[in-house]
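One file, data39.txt, is given below (compact mmCIF, N, CA, C and O atoms).
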# COMPACT_ATOMS: atom_id res chain seq x y z
N MET A 8 -21.76 -1.91 14.80
CA MET A 8 -20.65 -2.51 14.08
C MET A 8 -19.99 -1.45 13.19
O MET A 8 -20.65 -0.81 12.38
N ILE A 9 -18.70 -1.26 13.36
CA ILE A 9 -17.94 -0.32 12.53
C ILE A 9 -17.47 -1.07 11.29
O ILE A 9 -16.76 -2.07 11.39
N ARG A 10 -17.85 -0.56 10.13
CA ARG A 10 -17.47 -1.19 8.86
C ARG A 10 -16.24 -0.49 8.30
O ARG A 10 -16.22 0.73 8.19
N VAL A 11 -15.23 -1.30 7.95
CA VAL A 11 -13.92 -0.77 7.54
C VAL A 11 -13.54 -1.31 6.16
O VAL A 11 -13.68 -2.50 5.89
N LEU A 12 -13.04 -0.41 5.33
CA LEU A 12 -12.44 -0.78 4.04
C LEU A 12 -10.93 -0.61 4.18
O LEU A 12 -10.46 0.45 4.58
N LEU A 13 -10.17 -1.67 3.87
CA LEU A 13 -8.71 -1.62 3.93
C LEU A 13 -8.15 -1.37 2.54
O LEU A 13 -8.52 -2.07 1.58
N VAL A 14 -7.23 -0.42 2.44
CA VAL A 14 -6.59 -0.09 1.17
C VAL A 14 -5.09 -0.09 1.39
O VAL A 14 -4.53 0.84 1.98
N GLU A 15 -4.45 -1.14 0.93
CA GLU A 15 -2.99 -1.31 1.10
C GLU A 15 -2.49 -2.18 -0.05
O GLU A 15 -3.06 -3.24 -0.30
N ASP A 16 -1.46 -1.72 -0.75
CA ASP A 16 -0.97 -2.48 -1.91
C ASP A 16 -0.10 -3.66 -1.53
O ASP A 16 0.03 -4.61 -2.29
N MET A 17 0.47 -3.66 -0.34
CA MET A 17 1.32 -4.78 0.08
C MET A 17 0.44 -5.84 0.75
O MET A 17 -0.12 -5.60 1.83
N HIS A 18 0.34 -6.98 0.09
CA HIS A 18 -0.56 -8.04 0.53
C HIS A 18 -0.30 -8.47 1.97
O HIS A 18 -1.24 -8.66 2.76
N LEU A 19 0.95 -8.60 2.34
CA LEU A 19 1.31 -9.04 3.69
C LEU A 19 0.83 -8.05 4.76
O LEU A 19 0.26 -8.44 5.78
N ILE A 20 1.03 -6.77 4.51
CA ILE A 20 0.59 -5.75 5.47
C ILE A 20 -0.93 -5.69 5.52
O ILE A 20 -1.52 -5.61 6.61
N ARG A 21 -1.57 -5.74 4.35
CA ARG A 21 -3.04 -5.72 4.32
C ARG A 21 -3.60 -6.92 5.08
O ARG A 21 -4.55 -6.78 5.86
N GLY A 22 -3.01 -8.09 4.90
CA GLY A 22 -3.46 -9.28 5.60
C GLY A 22 -3.27 -9.17 7.10
O GLY A 22 -4.13 -9.58 7.88
N ALA A 23 -2.14 -8.59 7.52
CA ALA A 23 -1.88 -8.42 8.95
C ALA A 23 -2.87 -7.44 9.57
O ALA A 23 -3.40 -7.68 10.66
N LEU A 24 -3.13 -6.34 8.88
CA LEU A 24 -4.12 -5.38 9.38
C LEU A 24 -5.50 -6.02 9.48
O LEU A 24 -6.21 -5.83 10.47
N ALA A 25 -5.88 -6.78 8.46
CA ALA A 25 -7.18 -7.45 8.47
C ALA A 25 -7.28 -8.43 9.64
O ALA A 25 -8.31 -8.51 10.32
N ALA A 26 -6.21 -9.16 9.89
CA ALA A 26 -6.21 -10.12 10.99
C ALA A 26 -6.34 -9.42 12.34
O ALA A 26 -7.11 -9.86 13.20
N LEU A 27 -5.62 -8.33 12.53
CA LEU A 27 -5.70 -7.59 13.79
C LEU A 27 -7.06 -6.96 14.00
O LEU A 27 -7.65 -7.05 15.08
N ILE A 28 -7.57 -6.34 12.95
CA ILE A 28 -8.89 -5.71 13.06
C ILE A 28 -9.96 -6.77 13.28
O ILE A 28 -10.92 -6.56 14.02
N GLY A 29 -9.78 -7.92 12.66
CA GLY A 29 -10.74 -9.02 12.79
C GLY A 29 -10.86 -9.56 14.21
O GLY A 29 -11.84 -10.24 14.53
N LEU A 30 -9.91 -9.25 15.06
CA LEU A 30 -9.97 -9.69 16.46
C LEU A 30 -10.97 -8.88 17.28
O LEU A 30 -11.36 -9.28 18.38
N GLU A 31 -11.37 -7.74 16.75
CA GLU A 31 -12.31 -6.86 17.46
C GLU A 31 -13.75 -7.29 17.19
O GLU A 31 -14.13 -7.54 16.05
N ASP A 32 -14.56 -7.35 18.24
CA ASP A 32 -15.95 -7.77 18.11
C ASP A 32 -16.84 -6.75 17.42
O ASP A 32 -17.85 -7.11 16.83
N ASP A 33 -16.47 -5.48 17.52
CA ASP A 33 -17.35 -4.42 17.00
C ASP A 33 -16.84 -3.78 15.71
O ASP A 33 -17.31 -2.72 15.31
N ILE A 34 -15.88 -4.43 15.05
CA ILE A 34 -15.35 -3.93 13.78
C ILE A 34 -15.39 -5.05 12.76
O ILE A 34 -15.02 -6.18 13.06
N ARG A 35 -15.84 -4.71 11.53
CA ARG A 35 -15.90 -5.72 10.47
C ARG A 35 -15.26 -5.16 9.20
O ARG A 35 -15.54 -4.04 8.79
N ILE A 36 -14.37 -5.94 8.61
CA ILE A 36 -13.76 -5.58 7.32
C ILE A 36 -14.78 -5.87 6.23
O ILE A 36 -15.22 -7.01 6.07
N VAL A 37 -15.16 -4.82 5.49
CA VAL A 37 -16.15 -5.01 4.42
C VAL A 37 -15.50 -5.12 3.04
O VAL A 37 -16.17 -5.47 2.07
N GLY A 38 -14.21 -4.82 2.96
CA GLY A 38 -13.51 -4.93 1.69
C GLY A 38 -12.02 -4.68 1.85
O GLY A 38 -11.59 -4.02 2.80
N GLU A 39 -11.26 -5.26 0.93
CA GLU A 39 -9.81 -5.08 0.89
C GLU A 39 -9.42 -4.84 -0.55
O GLU A 39 -9.76 -5.65 -1.42
N VAL A 40 -8.70 -3.76 -0.81
CA VAL A 40 -8.24 -3.44 -2.17
C VAL A 40 -6.81 -2.94 -2.12
O VAL A 40 -6.28 -2.63 -1.05
N SER A 41 -6.19 -2.82 -3.30
CA SER A 41 -4.77 -2.47 -3.34
C SER A 41 -4.44 -1.21 -4.15
O SER A 41 -3.28 -0.85 -4.23
N THR A 42 -5.45 -0.55 -4.73
CA THR A 42 -5.16 0.67 -5.49
C THR A 42 -6.11 1.79 -5.08
O THR A 42 -7.19 1.55 -4.53
N GLY A 43 -5.70 3.00 -5.39
CA GLY A 43 -6.54 4.15 -5.08
C GLY A 43 -7.86 4.14 -5.85
O GLY A 43 -8.90 4.48 -5.29
N ARG A 44 -7.82 3.75 -7.10
CA ARG A 44 -9.05 3.71 -7.90
C ARG A 44 -10.03 2.69 -7.31
O ARG A 44 -11.23 2.96 -7.21
N GLU A 45 -9.52 1.52 -6.91
CA GLU A 45 -10.39 0.51 -6.28
C GLU A 45 -10.95 1.04 -4.96
O GLU A 45 -12.11 0.77 -4.63
N ALA A 46 -10.16 1.79 -4.24
CA ALA A 46 -10.61 2.36 -2.96
C ALA A 46 -11.79 3.29 -3.17
O ALA A 46 -12.79 3.22 -2.44
N VAL A 47 -11.68 4.16 -4.16
CA VAL A 47 -12.77 5.11 -4.43
C VAL A 47 -14.01 4.36 -4.89
O VAL A 47 -15.12 4.60 -4.38
N THR A 48 -13.85 3.45 -5.83
CA THR A 48 -14.99 2.70 -6.36
C THR A 48 -15.71 1.94 -5.25
O THR A 48 -16.93 2.06 -5.08
N LEU A 49 -14.97 1.16 -4.48
CA LEU A 49 -15.58 0.35 -3.43
C LEU A 49 -16.06 1.21 -2.27
O LEU A 49 -17.12 0.94 -1.68
N GLY A 50 -15.32 2.25 -1.96
CA GLY A 50 -15.73 3.14 -0.87
C GLY A 50 -17.06 3.82 -1.16
O GLY A 50 -17.92 3.92 -0.28
N LEU A 51 -17.24 4.28 -2.39
CA LEU A 51 -18.51 4.92 -2.75
C LEU A 51 -19.65 3.92 -2.83
O LEU A 51 -20.80 4.25 -2.56
N GLU A 52 -19.33 2.69 -3.18
CA GLU A 52 -20.35 1.65 -3.25
C GLU A 52 -20.76 1.14 -1.87
O GLU A 52 -21.95 1.05 -1.56
N LEU A 53 -19.79 0.84 -1.02
CA LEU A 53 -20.07 0.22 0.28
C LEU A 53 -20.37 1.21 1.40
O LEU A 53 -20.99 0.84 2.39
N ARG A 54 -19.86 2.43 1.27
CA ARG A 54 -20.04 3.46 2.29
C ARG A 54 -19.63 3.00 3.69
O ARG A 54 -20.42 3.05 4.64
N PRO A 55 -18.38 2.53 3.84
CA PRO A 55 -17.93 2.11 5.18
C PRO A 55 -17.83 3.33 6.11
O PRO A 55 -17.74 4.47 5.65
N GLU A 56 -17.83 3.08 7.40
CA GLU A 56 -17.64 4.17 8.35
C GLU A 56 -16.20 4.67 8.32
O GLU A 56 -15.95 5.86 8.55
N VAL A 57 -15.25 3.77 8.04
CA VAL A 57 -13.82 4.12 8.04
C VAL A 57 -13.12 3.46 6.86
O VAL A 57 -13.37 2.30 6.56
N VAL A 58 -12.24 4.22 6.21
CA VAL A 58 -11.33 3.67 5.21
C VAL A 58 -9.92 3.80 5.76
O VAL A 58 -9.48 4.90 6.09
N VAL A 59 -9.23 2.67 5.91
CA VAL A 59 -7.82 2.66 6.31
C VAL A 59 -7.04 2.66 5.01
O VAL A 59 -7.11 1.71 4.23
N LEU A 60 -6.30 3.73 4.76
CA LEU A 60 -5.78 4.01 3.43
C LEU A 60 -4.27 4.28 3.47
O LEU A 60 -3.81 5.20 4.15
N ASP A 61 -3.52 3.49 2.72
CA ASP A 61 -2.08 3.74 2.57
C ASP A 61 -1.91 4.97 1.69
O ASP A 61 -2.59 5.12 0.68
N ILE A 62 -1.01 5.85 2.05
CA ILE A 62 -0.78 7.05 1.26
C ILE A 62 -0.07 6.72 -0.05
O ILE A 62 -0.35 7.31 -1.09
N GLN A 63 0.84 5.76 -0.02
CA GLN A 63 1.61 5.41 -1.22
C GLN A 63 0.97 4.19 -1.89
O GLN A 63 1.15 3.06 -1.44
N LEU A 64 0.23 4.45 -2.97
CA LEU A 64 -0.44 3.38 -3.71
C LEU A 64 -0.05 3.44 -5.17
O LEU A 64 0.20 4.52 -5.71
N PRO A 65 -0.02 2.29 -5.84
CA PRO A 65 0.30 2.28 -7.27
C PRO A 65 -0.90 2.71 -8.11
O PRO A 65 -2.04 2.73 -7.64
N GLY A 66 -0.64 3.07 -9.35
CA GLY A 66 -1.71 3.39 -10.27
C GLY A 66 -1.95 4.88 -10.40
O GLY A 66 -1.15 5.70 -9.95
N GLU A 67 -3.07 5.21 -11.01
CA GLU A 67 -3.38 6.60 -11.34
C GLU A 67 -3.66 7.47 -10.12
O GLU A 67 -3.47 8.68 -10.17
N LEU A 68 -4.16 6.88 -9.03
CA LEU A 68 -4.46 7.63 -7.81
C LEU A 68 -3.60 7.13 -6.66
O LEU A 68 -3.65 5.95 -6.32
N ASP A 69 -2.84 8.03 -6.05
CA ASP A 69 -2.16 7.62 -4.83
C ASP A 69 -3.17 7.74 -3.69
O ASP A 69 -4.33 8.10 -3.89
N GLY A 70 -2.76 7.44 -2.48
CA GLY A 70 -3.68 7.46 -1.36
C GLY A 70 -4.25 8.83 -1.06
O GLY A 70 -5.41 8.95 -0.68
N LEU A 71 -3.47 9.88 -1.25
CA LEU A 71 -3.96 11.23 -0.99
C LEU A 71 -5.02 11.63 -2.01
O LEU A 71 -6.05 12.22 -1.65
N ASP A 72 -4.80 11.29 -3.28
CA ASP A 72 -5.80 11.60 -4.30
C ASP A 72 -7.08 10.79 -4.07
O ASP A 72 -8.19 11.31 -4.22
N ALA A 73 -6.92 9.53 -3.70
CA ALA A 73 -8.09 8.69 -3.40
C ALA A 73 -8.85 9.26 -2.20
O ALA A 73 -10.08 9.29 -2.20
N ALA A 74 -8.12 9.72 -1.19
CA ALA A 74 -8.76 10.31 -0.01
C ALA A 74 -9.58 11.55 -0.39
O ALA A 74 -10.69 11.73 0.10
N ARG A 75 -9.04 12.37 -1.28
CA ARG A 75 -9.78 13.56 -1.74
C ARG A 75 -11.09 13.17 -2.43
O ARG A 75 -12.13 13.77 -2.19
N GLU A 76 -11.00 12.15 -3.29
CA GLU A 76 -12.21 11.71 -3.99
C GLU A 76 -13.22 11.09 -3.02
O GLU A 76 -14.43 11.31 -3.16
N LEU A 77 -12.73 10.33 -2.06
CA LEU A 77 -13.64 9.76 -1.06
C LEU A 77 -14.26 10.85 -0.20
O LEU A 77 -15.45 10.80 0.12
N ARG A 78 -13.48 11.83 0.19
CA ARG A 78 -14.00 12.94 1.00
C ARG A 78 -15.10 13.68 0.23
O ARG A 78 -16.13 14.05 0.80
N ALA A 79 -14.91 13.88 -1.08
CA ALA A 79 -15.91 14.58 -1.89
C ALA A 79 -17.17 13.74 -2.09
O ALA A 79 -18.28 14.25 -2.03
N GLY A 80 -17.00 12.44 -2.32
CA GLY A 80 -18.14 11.58 -2.64
C GLY A 80 -18.82 10.95 -1.44
O GLY A 80 -19.99 10.56 -1.51
N ALA A 81 -18.11 10.82 -0.34
CA ALA A 81 -18.65 10.19 0.88
C ALA A 81 -18.10 10.94 2.09
O ALA A 81 -17.28 10.41 2.85
N PRO A 82 -18.52 12.20 2.29
CA PRO A 82 -17.95 13.01 3.36
C PRO A 82 -18.17 12.46 4.76
O PRO A 82 -17.45 12.81 5.69
N GLU A 83 -19.14 11.57 4.92
CA GLU A 83 -19.42 10.97 6.23
C GLU A 83 -18.41 9.89 6.61
O GLU A 83 -18.34 9.47 7.76
N CYS A 84 -17.62 9.45 5.65
CA CYS A 84 -16.66 8.37 5.86
C CYS A 84 -15.39 8.90 6.51
O CYS A 84 -14.80 9.87 6.05
N GLY A 85 -14.97 8.24 7.59
CA GLY A 85 -13.71 8.60 8.24
C GLY A 85 -12.53 8.04 7.47
O GLY A 85 -12.62 6.97 6.87
N LEU A 86 -11.43 8.77 7.46
CA LEU A 86 -10.23 8.34 6.76
C LEU A 86 -9.09 8.21 7.75
O LEU A 86 -8.80 9.13 8.52
N LEU A 87 -8.45 7.05 7.75
CA LEU A 87 -7.26 6.81 8.55
C LEU A 87 -6.14 6.52 7.56
O LEU A 87 -6.16 5.50 6.87
N MET A 88 -5.18 7.43 7.46
CA MET A 88 -4.11 7.29 6.47
C MET A 88 -2.85 6.73 7.11
O MET A 88 -2.46 7.14 8.20
N LEU A 89 -2.25 5.78 6.40
CA LEU A 89 -1.02 5.12 6.85
C LEU A 89 0.12 5.44 5.89
O LEU A 89 -0.10 5.57 4.69
N THR A 90 1.31 5.53 6.43
CA THR A 90 2.49 5.65 5.57
C THR A 90 3.73 5.21 6.34
O THR A 90 3.79 5.35 7.56
N SER A 91 4.66 4.65 5.61
CA SER A 91 5.92 4.27 6.23
C SER A 91 7.01 5.29 5.94
O SER A 91 8.06 5.27 6.56
N ALA A 92 6.77 6.17 5.00
CA ALA A 92 7.78 7.16 4.62
C ALA A 92 7.11 8.49 4.33
O ALA A 92 6.94 8.87 3.18
N GLY A 93 6.71 9.18 5.37
CA GLY A 93 6.05 10.45 5.16
C GLY A 93 6.88 11.60 5.70
O GLY A 93 7.37 11.54 6.81
N GLY A 94 7.00 12.61 4.88
CA GLY A 94 7.70 13.81 5.31
C GLY A 94 6.71 14.90 5.66
O GLY A 94 5.50 14.70 5.67
N THR A 95 7.23 16.07 5.95
CA THR A 95 6.41 17.21 6.33
C THR A 95 5.40 17.57 5.26
O THR A 95 4.24 17.83 5.55
N GLU A 96 5.82 17.56 4.01
CA GLU A 96 4.93 17.92 2.91
C GLU A 96 3.78 16.91 2.78
O GLU A 96 2.63 17.30 2.56
N THR A 97 4.07 15.64 2.93
CA THR A 97 3.03 14.60 2.86
C THR A 97 2.03 14.79 3.99
O THR A 97 0.82 14.71 3.77
N LEU A 98 2.51 15.06 5.18
CA LEU A 98 1.62 15.29 6.32
C LEU A 98 0.75 16.52 6.08
O LEU A 98 -0.46 16.49 6.33
N ARG A 99 1.34 17.59 5.58
CA ARG A 99 0.57 18.81 5.29
C ARG A 99 -0.53 18.52 4.28
O ARG A 99 -1.68 18.91 4.47
N ARG A 100 -0.20 17.82 3.21
CA ARG A 100 -1.21 17.47 2.19
C ARG A 100 -2.31 16.60 2.76
O ARG A 100 -3.48 16.78 2.46
N ALA A 101 -1.95 15.65 3.62
CA ALA A 101 -2.94 14.76 4.23
C ALA A 101 -3.88 15.55 5.14
O ALA A 101 -5.10 15.32 5.14
N LEU A 102 -3.35 16.47 5.92
CA LEU A 102 -4.17 17.25 6.83
C LEU A 102 -5.11 18.22 6.10
O LEU A 102 -6.14 18.61 6.65
N GLU A 103 -4.78 18.59 4.88
CA GLU A 103 -5.64 19.48 4.09
C GLU A 103 -6.89 18.77 3.58
O GLU A 103 -7.85 19.43 3.18
N ILE A 104 -6.88 17.45 3.57
CA ILE A 104 -8.02 16.69 3.05
C ILE A 104 -9.08 16.70 4.07
O ILE A 104 -9.99 16.86 4.41
Would you put the structure from the file into structure tokens?
Amino acid sequence: MIRVLLVEDMHLIRGALAALIGLEDDIRIVGEVSTGREAVTLGLELRPEVVVLDIQLPGELDGLDAARELRAGAPECGLLMLTSAGGTETLRRALEI
């Protein structure tokens, strides 16, 4: 069973992703949060195999900063980053993580 943490600030999108992922027999959503700080806290606590992470998040940590913290604290965790408005610089920063 692949355990997934969803991190998306838009409730509608997070719900849609959860519903789609929930259709898979071998994937389970272990948590849903809307900020980078919540992502890091829950990610380090739950240790999911994958974190689906929006790059643009409200609060003190955006998705890229949260990904860096998750990579440092849980290097075994896979990161799948989502964005609706990413430019070359955003992609470069994401690939450096």
Calculate how many Å separate atom N of A:Glu45 from atom C of A:Glu83, rounding to one decimal. 18.2 Å
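Note that atom CA of A:Ser91 and atom N of A:Ala79 are 24.1 Å apart.
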Which is closest to A:Leu51 among A:Glu67, A:Glu39, A:Glu76, A:Asp32, if we use all atoms listed in the file?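 Between A:Glu67, A:Glu39, A:Glu76, A:Asp32, the residue approaching A:Leu51 most closely is A:Glu76.
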Just list the residues in stretch 21-94 of chain A DSSP gives alpha helix (DSSP H) on the backbone, as an MDAnalysis selection string. chainID A and resid 21:29 43:53 70:80
Between A:Glu52, A:Arg99, A:Val47, A:Gly66, which residue has the minimum interatomic distance to A:Arg78, considering only C-alpha atoms?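 When distances to A:Arg78 are compared using only C-alpha atoms, the smallest one comes from A:Val47.
If only C-alpha atoms are the atoms counted, then among A:Met17, A:Arg44, A:Gly85, A:Thr95 the closest residue to A:Val59 is A:Gly85.
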May I ask which of the residues A:Ala81, A:Leu64, A:Ala74, A:Ala26 is the closest one to A:Gly50, counting all atoms listed in the file?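 Residue with the minimum atom-to-atom distance to A:Gly50: A:Ala81.
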Computed gap from atom N of A:Met8 to atom O of A:Gly80 is 20.6 Å
What parts of stretch 9-104 of chain A does DSSP call strand (DSSP E or B)? I'd like the answer as an MDAnalysis selection string. chainID A and resid 9:14 34:40 57:61 85:89
The residue from A:Ala23, A:Asp16, A:Arg10, A:Leu53 with the smallest atom-to-atom distance to A:Ile36, counting only C-alpha atoms, is A:Arg10
Can you fill out stretch 37-48 of chain A with all heavy atoms and hand it back as a PDB file, in the frame of the given file?
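Generated output (selection_30.pdb):
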ATOM      1  N   VAL A  37     -15.160  -4.820   5.490  1.00  0.00           N
ATOM      2  CA  VAL A  37     -16.150  -5.010   4.420  1.00  0.00           C
ATOM      3  C   VAL A  37     -15.500  -5.120   3.040  1.00  0.00           C
ATOM      4  O   VAL A  37     -16.170  -5.470   2.070  1.00  0.00           O
ATOM      5  CB  VAL A  37     -17.213  -3.895   4.418  1.00  0.00           C
ATOM      6  CG1 VAL A  37     -18.045  -3.961   5.689  1.00  0.00           C
ATOM      7  CG2 VAL A  37     -16.580  -2.516   4.238  1.00  0.00           C
ATOM      8  N   GLY A  38     -14.210  -4.820   2.960  1.00  0.00           N
ATOM      9  CA  GLY A  38     -13.510  -4.930   1.690  1.00  0.00           C
ATOM     10  C   GLY A  38     -12.020  -4.680   1.850  1.00  0.00           C
ATOM     11  O   GLY A  38     -11.590  -4.020   2.800  1.00  0.00           O
ATOM     12  N   GLU A  39     -11.260  -5.260   0.930  1.00  0.00           N
ATOM     13  CA  GLU A  39      -9.810  -5.080   0.890  1.00  0.00           C
ATOM     14  C   GLU A  39      -9.420  -4.840  -0.550  1.00  0.00           C
ATOM     15  O   GLU A  39      -9.760  -5.650  -1.420  1.00  0.00           O
ATOM     16  CB  GLU A  39      -9.093  -6.321   1.410  1.00  0.00           C
ATOM     17  CG  GLU A  39      -9.368  -6.671   2.848  1.00  0.00           C
ATOM     18  CD  GLU A  39      -8.612  -7.922   3.276  1.00  0.00           C
ATOM     19  OE1 GLU A  39      -7.447  -8.110   2.841  1.00  0.00           O
ATOM     20  OE2 GLU A  39      -9.193  -8.715   4.037  1.00  0.00           O
ATOM     21  N   VAL A  40      -8.700  -3.760  -0.810  1.00  0.00           N
ATOM     22  CA  VAL A  40      -8.240  -3.440  -2.170  1.00  0.00           C
ATOM     23  C   VAL A  40      -6.810  -2.940  -2.120  1.00  0.00           C
ATOM     24  O   VAL A  40      -6.280  -2.630  -1.050  1.00  0.00           O
ATOM     25  CB  VAL A  40      -9.166  -2.411  -2.865  1.00  0.00           C
ATOM     26  CG1 VAL A  40     -10.568  -2.976  -3.066  1.00  0.00           C
ATOM     27  CG2 VAL A  40      -9.224  -1.110  -2.084  1.00  0.00           C
ATOM     28  N   SER A  41      -6.190  -2.820  -3.300  1.00  0.00           N
ATOM     29  CA  SER A  41      -4.770  -2.470  -3.340  1.00  0.00           C
ATOM     30  C   SER A  41      -4.440  -1.210  -4.150  1.00  0.00           C
ATOM     31  O   SER A  41      -3.280  -0.850  -4.230  1.00  0.00           O
ATOM     32  CB  SER A  41      -3.972  -3.650  -3.901  1.00  0.00           C
ATOM     33  OG  SER A  41      -4.392  -3.945  -5.210  1.00  0.00           O
ATOM     34  N   THR A  42      -5.450  -0.550  -4.730  1.00  0.00           N
ATOM     35  CA  THR A  42      -5.160   0.670  -5.490  1.00  0.00           C
ATOM     36  C   THR A  42      -6.110   1.790  -5.080  1.00  0.00           C
ATOM     37  O   THR A  42      -7.190   1.550  -4.530  1.00  0.00           O
ATOM     38  CB  THR A  42      -5.323   0.457  -7.019  1.00  0.00           C
ATOM     39  OG1 THR A  42      -6.708   0.266  -7.323  1.00  0.00           O
ATOM     40  CG2 THR A  42      -4.490  -0.712  -7.511  1.00  0.00           C
ATOM     41  N   GLY A  43      -5.700   3.000  -5.390  1.00  0.00           N
ATOM     42  CA  GLY A  43      -6.540   4.150  -5.080  1.00  0.00           C
ATOM     43  C   GLY A  43      -7.860   4.140  -5.850  1.00  0.00           C
ATOM     44  O   GLY A  43      -8.900   4.480  -5.290  1.00  0.00           O
ATOM     45  N   ARG A  44      -7.820   3.750  -7.100  1.00  0.00           N
ATOM     46  CA  ARG A  44      -9.050   3.710  -7.900  1.00  0.00           C
ATOM     47  C   ARG A  44     -10.030   2.690  -7.310  1.00  0.00           C
ATOM     48  O   ARG A  44     -11.230   2.960  -7.210  1.00  0.00           O
ATOM     49  CB  ARG A  44      -8.725   3.366  -9.367  1.00  0.00           C
ATOM     50  CG  ARG A  44      -9.922   3.261 -10.275  1.00  0.00           C
ATOM     51  CD  ARG A  44     -10.858   4.452 -10.293  1.00  0.00           C
ATOM     52  NE  ARG A  44     -10.206   5.686 -10.629  1.00  0.00           N
ATOM     53  CZ  ARG A  44     -10.621   6.894 -10.209  1.00  0.00           C
ATOM     54  NH1 ARG A  44     -11.676   7.016  -9.444  1.00  0.00           N
ATOM     55  NH2 ARG A  44      -9.974   7.971 -10.550  1.00  0.00           N
ATOM     56  N   GLU A  45      -9.520   1.520  -6.910  1.00  0.00           N
ATOM     57  CA  GLU A  45     -10.390   0.510  -6.280  1.00  0.00           C
ATOM     58  C   GLU A  45     -10.950   1.040  -4.960  1.00  0.00           C
ATOM     59  O   GLU A  45     -12.110   0.770  -4.630  1.00  0.00           O
ATOM     60  CB  GLU A  45      -9.608  -0.779  -6.012  1.00  0.00           C
ATOM     61  CG  GLU A  45      -9.188  -1.538  -7.239  1.00  0.00           C
ATOM     62  CD  GLU A  45      -8.243  -2.684  -6.913  1.00  0.00           C
ATOM     63  OE1 GLU A  45      -7.321  -2.499  -6.082  1.00  0.00           O
ATOM     64  OE2 GLU A  45      -8.428  -3.762  -7.497  1.00  0.00           O
ATOM     65  N   ALA A  46     -10.160   1.790  -4.240  1.00  0.00           N
ATOM     66  CA  ALA A  46     -10.610   2.360  -2.960  1.00  0.00           C
ATOM     67  C   ALA A  46     -11.790   3.290  -3.170  1.00  0.00           C
ATOM     68  O   ALA A  46     -12.790   3.220  -2.440  1.00  0.00           O
ATOM     69  CB  ALA A  46      -9.466   3.109  -2.281  1.00  0.00           C
ATOM     70  N   VAL A  47     -11.680   4.160  -4.160  1.00  0.00           N
ATOM     71  CA  VAL A  47     -12.770   5.110  -4.430  1.00  0.00           C
ATOM     72  C   VAL A  47     -14.010   4.360  -4.890  1.00  0.00           C
ATOM     73  O   VAL A  47     -15.120   4.600  -4.380  1.00  0.00           O
ATOM     74  CB  VAL A  47     -12.325   6.163  -5.468  1.00  0.00           C
ATOM     75  CG1 VAL A  47     -13.506   7.027  -5.897  1.00  0.00           C
ATOM     76  CG2 VAL A  47     -11.190   7.017  -4.902  1.00  0.00           C
ATOM     77  N   THR A  48     -13.850   3.450  -5.830  1.00  0.00           N
ATOM     78  CA  THR A  48     -14.990   2.700  -6.360  1.00  0.00           C
ATOM     79  C   THR A  48     -15.710   1.940  -5.250  1.00  0.00           C
ATOM     80  O   THR A  48     -16.930   2.060  -5.080  1.00  0.00           O
ATOM     81  CB  THR A  48     -14.540   1.727  -7.467  1.00  0.00           C
ATOM     82  OG1 THR A  48     -13.937   2.492  -8.532  1.00  0.00           O
ATOM     83  CG2 THR A  48     -15.704   0.930  -8.011  1.00  0.00           C
TER      84      THR A  48
END
